[in-house]
>>> print(open('data.txt').read())   # compact mmCIF, C-alpha atoms
# COMPACT_ATOMS: atom_id res chain seq x y z
CA MET P 1 -14.24 -25.42 -10.43
CA GLY P 2 -11.77 -28.32 -10.34
CA PHE P 3 -9.39 -26.59 -12.74
CA THR P 4 -9.57 -23.37 -10.72
CA LEU P 5 -8.90 -25.10 -7.41
CA ALA P 6 -6.07 -27.14 -8.90
CA TYR P 7 -4.46 -24.04 -10.40
CA LEU P 8 -4.72 -22.04 -7.18
CA GLY P 9 -3.45 -25.00 -5.19
CA LEU P 10 -0.41 -25.41 -7.42
CA ILE P 11 0.45 -21.71 -7.76
CA VAL P 12 -0.57 -20.32 -4.36
CA LEU P 13 -1.33 -22.92 -1.71
CA LEU P 14 1.52 -25.34 -2.38
CA PRO P 15 4.34 -22.76 -1.99
CA LEU P 16 2.67 -21.33 1.14
CA ALA P 17 2.26 -24.82 2.58
CA ALA P 18 5.93 -25.54 1.91
CA LEU P 19 6.83 -22.32 3.71
CA ALA P 20 4.75 -23.29 6.74
CA VAL P 21 6.24 -26.80 6.78
CA LYS P 22 9.76 -25.38 6.70
CA ALA P 23 8.98 -23.07 9.59
CA ALA P 24 7.31 -25.90 11.53
CA GLY P 25 10.64 -27.73 11.53
CA LEU P 26 11.80 -25.35 14.25
CA GLY P 27 9.08 -26.41 16.67
CA TRP P 28 6.98 -23.94 18.65
CA ALA P 29 9.81 -22.88 20.92
CA GLY P 30 12.27 -22.44 18.06
CA PHE P 31 9.66 -20.59 15.99
CA TRP P 32 8.91 -18.03 18.66
CA ASN P 33 12.58 -17.63 19.50
CA ALA P 34 13.23 -16.85 15.84
CA VAL P 35 10.45 -14.28 15.41
CA LEU P 36 10.39 -12.53 18.80
CA THR P 37 13.89 -11.13 18.74
CA PRO P 38 14.13 -7.31 19.05
CA ARG P 39 15.51 -7.01 15.53
CA VAL P 40 12.62 -8.97 13.96
CA LEU P 41 9.97 -7.12 15.96
CA ALA P 42 11.48 -3.77 14.97
CA ALA P 43 11.45 -4.82 11.31
CA PHE P 44 7.77 -5.80 11.59
CA GLU P 45 6.94 -2.49 13.22
CA ILE P 46 8.69 -0.59 10.45
CA SER P 47 7.21 -2.61 7.58
CA PHE P 48 3.61 -2.73 8.78
CA GLY P 49 3.56 0.72 10.37
CA LEU P 50 4.97 2.54 7.37
CA SER P 51 2.87 0.48 4.95
CA LEU P 52 -0.27 1.52 6.82
CA LEU P 53 0.90 5.14 6.81
CA ALA P 54 1.66 5.08 3.08
CA ALA P 55 -1.67 3.39 2.30
CA ALA P 56 -3.53 6.02 4.35
CA ILE P 57 -1.73 8.83 2.48
CA ASN P 58 -2.57 7.20 -0.83
CA ALA P 59 -6.21 6.77 0.23
CA VAL P 60 -6.48 10.54 0.60
CA PHE P 61 -4.39 11.81 -2.28
CA GLY P 62 -5.20 8.90 -4.59
CA PHE P 63 -8.87 9.75 -4.13
CA VAL P 64 -8.12 13.38 -5.00
CA VAL P 65 -6.22 12.34 -8.14
CA ALA P 66 -9.05 10.04 -9.25
CA TRP P 67 -11.61 12.79 -8.59
CA VAL P 68 -9.68 15.35 -10.65
CA LEU P 69 -9.13 12.93 -13.54
CA VAL P 70 -12.83 12.05 -13.70
CA ARG P 71 -14.56 15.34 -12.86
CA TYR P 72 -12.28 17.92 -14.50
CA ARG P 73 -11.08 18.55 -18.03
CA PHE P 74 -7.72 20.25 -18.38
CA PRO P 75 -4.78 20.29 -20.82
CA GLY P 76 -2.50 17.31 -20.31
CA ALA P 77 -5.12 15.18 -18.54
CA LYS P 78 -4.21 12.15 -20.65
CA ILE P 79 -0.55 12.56 -19.72
CA VAL P 80 -1.39 12.77 -16.02
CA ASP P 81 -3.62 9.72 -16.36
CA ALA P 82 -0.76 7.79 -17.99
CA LEU P 83 1.72 8.90 -15.30
CA VAL P 84 -0.47 7.29 -12.64
CA ASP P 85 0.47 3.88 -14.05
CA LEU P 86 4.20 4.63 -14.07
CA PRO P 87 4.91 2.86 -10.74
CA PHE P 88 3.31 -0.27 -12.26
CA ALA P 89 5.62 -0.29 -15.29
CA LEU P 90 8.79 1.02 -13.66
CA PRO P 91 11.11 -1.65 -12.22
CA THR P 92 11.19 -1.30 -8.46
CA ALA P 93 14.98 -1.08 -8.35
CA VAL P 94 14.88 1.83 -10.81
CA ALA P 95 12.27 3.56 -8.65
CA GLY P 96 14.44 3.07 -5.58
CA ILE P 97 17.54 4.47 -7.27
CA ALA P 98 15.59 7.46 -8.61
CA LEU P 99 14.05 8.25 -5.23
CA SER P 100 17.42 7.89 -3.51
CA ALA P 101 19.01 10.29 -6.00
CA LEU P 102 16.23 12.85 -5.48
CA TYR P 103 15.97 12.68 -1.69
CA ALA P 104 19.61 12.08 -0.76
CA PRO P 105 21.22 14.93 1.22
CA ASN P 106 22.92 16.07 -2.00
CA GLY P 107 19.89 15.38 -4.23
CA TRP P 108 17.63 17.96 -5.84
CA ILE P 109 14.83 17.68 -3.29
CA GLY P 110 16.80 16.25 -0.38
CA GLN P 111 19.28 19.12 -0.37
CA LEU P 112 16.48 21.70 -0.29
CA LEU P 113 14.74 19.92 2.57
CA MET P 114 18.01 19.70 4.46
CA ASP P 115 18.91 23.35 3.91
CA TRP P 116 15.45 24.79 4.60
CA PHE P 117 14.08 22.52 7.29
CA GLY P 118 17.03 20.41 8.43
CA LEU P 119 15.03 17.36 7.35
CA LYS P 120 16.83 14.24 6.21
CA VAL P 121 14.68 11.97 4.04
CA ALA P 122 16.85 9.36 2.38
CA PHE P 123 18.20 6.53 4.56
CA THR P 124 15.53 7.14 7.21
CA PRO P 125 12.03 5.72 7.86
CA LEU P 126 10.64 8.82 6.14
CA GLY P 127 12.35 7.72 2.94
CA ILE P 128 10.70 4.30 3.26
CA ALA P 129 7.29 5.95 3.62
CA ILE P 130 7.88 8.01 0.47
CA ALA P 131 8.91 4.93 -1.52
CA LEU P 132 5.86 2.98 -0.34
CA THR P 133 3.59 5.92 -1.17
CA PHE P 134 5.10 6.09 -4.65
CA ILE P 135 4.50 2.44 -5.48
CA GLY P 136 1.04 2.28 -3.86
CA LEU P 137 -0.65 5.29 -5.46
CA PRO P 138 -1.91 3.55 -8.65
CA PHE P 139 -3.82 0.95 -6.63
CA VAL P 140 -6.08 3.57 -5.07
CA VAL P 141 -6.52 5.66 -8.22
CA ARG P 142 -7.32 2.73 -10.51
CA THR P 143 -9.73 1.23 -7.98
CA VAL P 144 -11.71 4.41 -7.32
CA GLN P 145 -11.62 5.87 -10.84
CA PRO P 146 -14.00 3.42 -12.63
CA ILE P 147 -16.53 3.57 -9.77
CA LEU P 148 -16.48 7.35 -9.90
CA GLN P 149 -16.94 7.30 -13.67
CA ASP P 150 -20.00 5.03 -13.37
CA LEU P 151 -21.59 7.06 -10.57
CA PRO P 152 -24.84 8.46 -11.95
CA PRO P 153 -24.95 12.28 -11.81
CA GLU P 154 -28.70 12.17 -11.22
CA GLU P 155 -28.15 11.36 -7.54
CA GLU P 156 -26.08 14.50 -6.98
CA GLU P 157 -28.55 16.56 -9.00
CA ALA P 158 -31.42 15.24 -6.89
CA ALA P 159 -29.54 16.11 -3.70
CA ALA P 160 -28.86 19.62 -5.02
CA SER P 161 -32.51 20.09 -5.96
CA LEU P 162 -33.46 19.23 -2.38
CA GLY P 163 -31.22 22.00 -1.08
CA ALA P 164 -28.06 20.04 -0.22
CA THR P 165 -24.75 21.88 -0.42
CA ARG P 166 -21.87 20.45 -2.43
CA TRP P 167 -20.25 19.18 0.75
CA GLN P 168 -23.47 17.53 1.95
CA SER P 169 -24.00 15.97 -1.46
CA PHE P 170 -20.47 14.59 -1.45
CA ARG P 171 -20.61 13.32 2.14
CA ARG P 172 -24.05 11.70 1.99
CA VAL P 173 -24.38 10.68 -1.67
CA VAL P 174 -21.02 10.32 -3.38
CA PHE P 175 -18.66 9.14 -0.65
CA PRO P 176 -20.77 6.20 0.64
CA SER P 177 -20.80 4.79 -2.90
CA LEU P 178 -17.05 5.21 -3.27
CA PHE P 179 -15.97 4.05 0.17
CA PRO P 180 -15.88 0.28 -0.58
CA ALA P 181 -13.69 0.92 -3.63
CA LEU P 182 -11.51 3.30 -1.61
CA LEU P 183 -11.12 0.66 1.09
CA THR P 184 -10.15 -1.90 -1.57
CA GLY P 185 -7.51 0.44 -2.95
CA PHE P 186 -6.22 1.04 0.57
CA ALA P 187 -5.93 -2.71 1.16
CA LEU P 188 -4.12 -3.28 -2.14
CA ALA P 189 -1.69 -0.42 -1.48
CA PHE P 190 -1.04 -1.77 2.02
CA ALA P 191 -0.45 -5.31 0.76
CA ARG P 192 1.96 -4.06 -1.90
CA GLY P 193 3.82 -1.95 0.65
CA VAL P 194 4.28 -4.78 3.14
CA GLY P 195 6.00 -6.98 0.57
CA GLU P 196 7.90 -4.24 -1.25
CA TYR P 197 11.66 -4.74 -1.49
CA GLY P 198 13.34 -3.26 -4.56
CA SER P 199 12.26 0.36 -4.24
CA VAL P 200 12.88 0.45 -0.49
CA ILE P 201 16.35 -0.98 0.06
CA PHE P 202 18.04 1.83 -1.85
CA ILE P 203 16.44 4.64 0.14
CA ALA P 204 15.97 2.94 3.52
CA GLY P 205 19.52 2.90 4.86
CA ASN P 206 18.82 -0.65 6.11
CA MET P 207 19.90 -0.02 9.71
CA PRO P 208 18.69 -2.81 12.05
CA GLY P 209 16.05 -1.51 14.42
CA VAL P 210 15.79 1.81 12.58
CA SER P 211 15.13 1.36 8.86
CA GLU P 212 15.32 -2.38 8.21
CA ILE P 213 12.22 -3.89 6.60
CA VAL P 214 11.00 -7.48 6.95
CA PRO P 215 11.69 -8.55 3.31
CA LEU P 216 15.30 -7.40 3.68
CA LEU P 217 15.63 -9.30 6.95
CA ILE P 218 14.38 -12.45 5.23
CA VAL P 219 16.96 -12.00 2.46
CA ILE P 220 19.70 -11.51 5.06
CA LYS P 221 18.73 -14.73 6.82
CA LEU P 222 18.76 -16.59 3.51
CA GLU P 223 22.24 -15.25 2.72
CA GLN P 224 23.35 -16.54 6.13
CA TYR P 225 21.88 -19.98 5.28
CA ASP P 226 19.34 -19.63 8.10
CA TYR P 227 16.55 -21.07 5.97
CA ALA P 228 14.38 -22.11 8.89
CA GLY P 229 14.66 -18.67 10.49
CA ALA P 230 13.80 -16.98 7.19
CA ALA P 231 10.79 -19.30 6.81
CA ALA P 232 9.64 -18.49 10.34
CA VAL P 233 9.79 -14.73 9.75
CA ALA P 234 8.07 -15.12 6.38
CA THR P 235 5.32 -17.27 7.92
CA LEU P 236 4.62 -14.71 10.62
CA MET P 237 4.57 -11.97 8.00
CA LEU P 238 2.14 -14.01 5.90
CA ALA P 239 -0.16 -14.62 8.87
CA ALA P 240 -0.16 -10.96 9.93
CA SER P 241 -0.79 -9.74 6.39
CA PHE P 242 -3.61 -12.24 5.89
CA LEU P 243 -5.25 -11.21 9.17
CA LEU P 244 -5.15 -7.50 8.34
CA LEU P 245 -6.46 -8.07 4.82
CA LEU P 246 -9.22 -10.32 6.17
CA ILE P 247 -10.31 -7.55 8.55
CA LEU P 248 -10.32 -5.01 5.71
CA ASN P 249 -12.30 -7.34 3.44
CA LEU P 250 -14.88 -8.00 6.17
CA LEU P 251 -15.19 -4.26 6.72
CA GLN P 252 -15.60 -3.74 2.99
CA ALA P 253 -18.33 -6.41 2.79
CA TRP P 254 -20.13 -4.84 5.74
CA MET P 255 -20.01 -1.42 4.11
CA ARG P 256 -21.38 -2.82 0.85
CA SER P 257 -24.24 -4.61 2.58
CA ARG P 258 -25.04 -1.47 4.56
CA HIS P 259 -25.02 0.65 1.40
CA ALA P 260 -27.21 -1.88 -0.43
CA ARG P 261 -29.94 -1.37 2.17
>>> encode(input="data.txt", output="structure tokens")
Amino acid sequence: MGFTLAYLGLIVLLPLAALAVKAAGLGWAGFWNAVLTPRVLAAFEISFGLSLLAAAINAVFGFVVAWVLVRYRFPGAKIVDALVDLPFALPTAVAGIALSALYAPNGWIGQLLMDWFGLKVAFTPLGIAIALTFIGLPFVVRTVQPILQDLPPEEEEAAASLGATRWQSFRRVVFPSLFPALLTGFALAFARGVGEYGSVIFIAGNMPGVSEIVPLLIVIKLEQYDYAGAAAVATLMLAASFLLLLILNLLQAWMRSRHAR
């Protein structure tokens, strides 16, 4: 226990405490003046809003991918399973460059979307959402997949023998068992999206108030030697992220206790 607490204190708590101390140097008035500017608030809205959107998309389609990988056998399943982990192994800057090349107005996909629908993806908030969805997908799949593999088929068979349809069996038997894991994957994808930098800056356009994310704003403040302002924005981001993750964890614990009954 002592070794664990010492390790966590040195690696996690000490840097976070230093960040809070640096931000506290501004005082309450200076802190709120630094974080309540229109540019900072717009960056928070973009980062948290699009991270929630991307995590919600991944919760749906990541669940579908995990379901197909576990419940179906098809040629190339091992390749598809390996591709799920690609965003983990791929450097974020490489992912950002690749997505920008694909979805730029002259890119393979971006040009088609522009010609057919008049839809511009790269250098817009939509491009940020796509990048965050790309890097967050493995968190949902790898969280749900082992739970789905360990789910006993006898429960579904019992439901079917009692006259339940496939949809009723899924809704009342399978999904309640998978929901805590799905919520965990959602939280992990959201947390990764909020702090993502490398894959976003290349496709975002980085226009203040339009497509500027919080991590980029922090980097800009550091480059301008506004260390206290950067610490204030980072502290607020840390507090907001912690609060949202705490709510999700409490909801997950409640769902588990309810399912255990």
>>> residues_around(input="data.txt", residues="Ala66 in chain P", least_positions_apart="6", cutoff="9 Å", atoms="only C-alpha atoms", output="ChimeraX atom specification")
/P:81,140-146,148
>>> write_last_selection(input="data.txt", atoms="C-alpha atoms", output="CSV table (one decimal), keeping the file's coordinate frame")
chain,number,residue,atom,x,y,z
P,81,ASP,CA,-3.6,9.7,-16.4
P,140,VAL,CA,-6.1,3.6,-5.1
P,141,VAL,CA,-6.5,5.7,-8.2
P,142,ARG,CA,-7.3,2.7,-10.5
P,143,THR,CA,-9.7,1.2,-8.0
P,144,VAL,CA,-11.7,4.4,-7.3
P,145,GLN,CA,-11.6,5.9,-10.8
P,146,PRO,CA,-14.0,3.4,-12.6
P,148,LEU,CA,-16.5,7.4,-9.9
>>> residues_around(input="data.txt", residues="Gly25 in chain P", least_positions_apart="2", cutoff="10 Å", atoms="all atoms listed in the file", output="PDB file with C-alpha atoms, keeping the file's coordinate frame")
ATOM      1  CA  ALA P  20       4.750 -23.290   6.740  1.00  0.00           C
ATOM      2  CA  VAL P  21       6.240 -26.800   6.780  1.00  0.00           C
ATOM      3  CA  LYS P  22       9.760 -25.380   6.700  1.00  0.00           C
ATOM      4  CA  ALA P  23       8.980 -23.070   9.590  1.00  0.00           C
ATOM      5  CA  GLY P  27       9.080 -26.410  16.670  1.00  0.00           C
ATOM      6  CA  TRP P  28       6.980 -23.940  18.650  1.00  0.00           C
ATOM      7  CA  GLY P  30      12.270 -22.440  18.060  1.00  0.00           C
ATOM      8  CA  PHE P  31       9.660 -20.590  15.990  1.00  0.00           C
ATOM      9  CA  ALA P 228      14.380 -22.110   8.890  1.00  0.00           C
ATOM     10  CA  GLY P 229      14.660 -18.670  10.490  1.00  0.00           C
ATOM     11  CA  ALA P 231      10.790 -19.300   6.810  1.00  0.00           C
ATOM     12  CA  ALA P 232       9.640 -18.490  10.340  1.00  0.00           C
TER      13      ALA P 232
END
>>> residues_around(input="data.txt", residues="Leu126 in chain P", least_positions_apart="3", cutoff="12 Å", atoms="all atoms listed in the file", output="list in words")
Ile46, Gly49, Leu50, Ser51, Leu53, Ala54, Leu99, Ser100, Tyr103, Ala104, Gly110, Leu119, Lys120, Val121, Ala122, Phe123, Ala129, Ile130, Ala131, Leu132, Thr133, Val200, Ile203, Ala204, Gly205, Val210 and Ser211 of chain P
>>> residues_around(input="data.txt", residues="Asn58 in chain P", least_positions_apart="2", cutoff="8 Å", atoms="only C-alpha atoms", output="number ranges by chain")
P: 54-56, 60-63, 133, 136-137, 140, 186, 189
>>> atom_distance(input="data.txt", atom1="CA of Val84 in chain P", atom2="CA of Val68 in chain P")
12.4 Å
>>> residues_around(input="data.txt", residues="Thr92 in chain P", least_positions_apart="6", cutoff="8 Å", atoms="only C-alpha atoms", output="ChimeraX atom specification")
/P:197-199
>>> closest_residue(input="data.txt", among="P:Val40, P:Val214, P:Leu182, P:Val233", to="Ile57 in chain P", atoms="all atoms listed in the file")
P:Leu182
>>> closest_residue(input="data.txt", among="P:Gln168, P:Leu216, P:Leu151, P:Gly127", to="Glu196 in chain P", atoms="all atoms listed in the file")
P:Leu216
>>> axis_aligned_box(input="data.txt", around="range 177-186 of chain P", padding_each_side="4 Å", output="JSON")
{"center_x": -13.5, "center_y": 1.7, "center_z": -1.3, "size_x": 22.6, "size_y": 15.1, "size_z": 12.7}
>>> atom_distance(input="data.txt", atom1="CA of Arg166 in chain P", atom2="CA of Pro180 in chain P")
21.1 Å
>>> closest_residue(input="data.txt", among="P:Leu246, P:Leu36, P:Val174, P:Ile220", to="Ala191 in chain P", atoms="all atoms listed in the file")
P:Leu246
>>> closest_residue(input="data.txt", among="P:Leu10, P:Ile213, P:Ala253, P:Leu178", to="Ala59 in chain P", atoms="only C-alpha atoms")
P:Leu178
>>> atom_distance(input="data.txt", atom1="CA of Gly9 in chain P", atom2="CA of Leu188 in chain P")
21.9 Å
>>> closest_residue(input="data.txt", among="P:Ile97, P:Leu26, P:Ala89, P:Ala82", to="Ile201 in chain P", atoms="only C-alpha atoms")
P:Ile97
>>> closest_residue(input="data.txt", among="P:Phe117, P:Tyr227, P:Phe175, P:Phe139", to="Asp85 in chain P", atoms="all atoms listed in the file")
P:Phe139
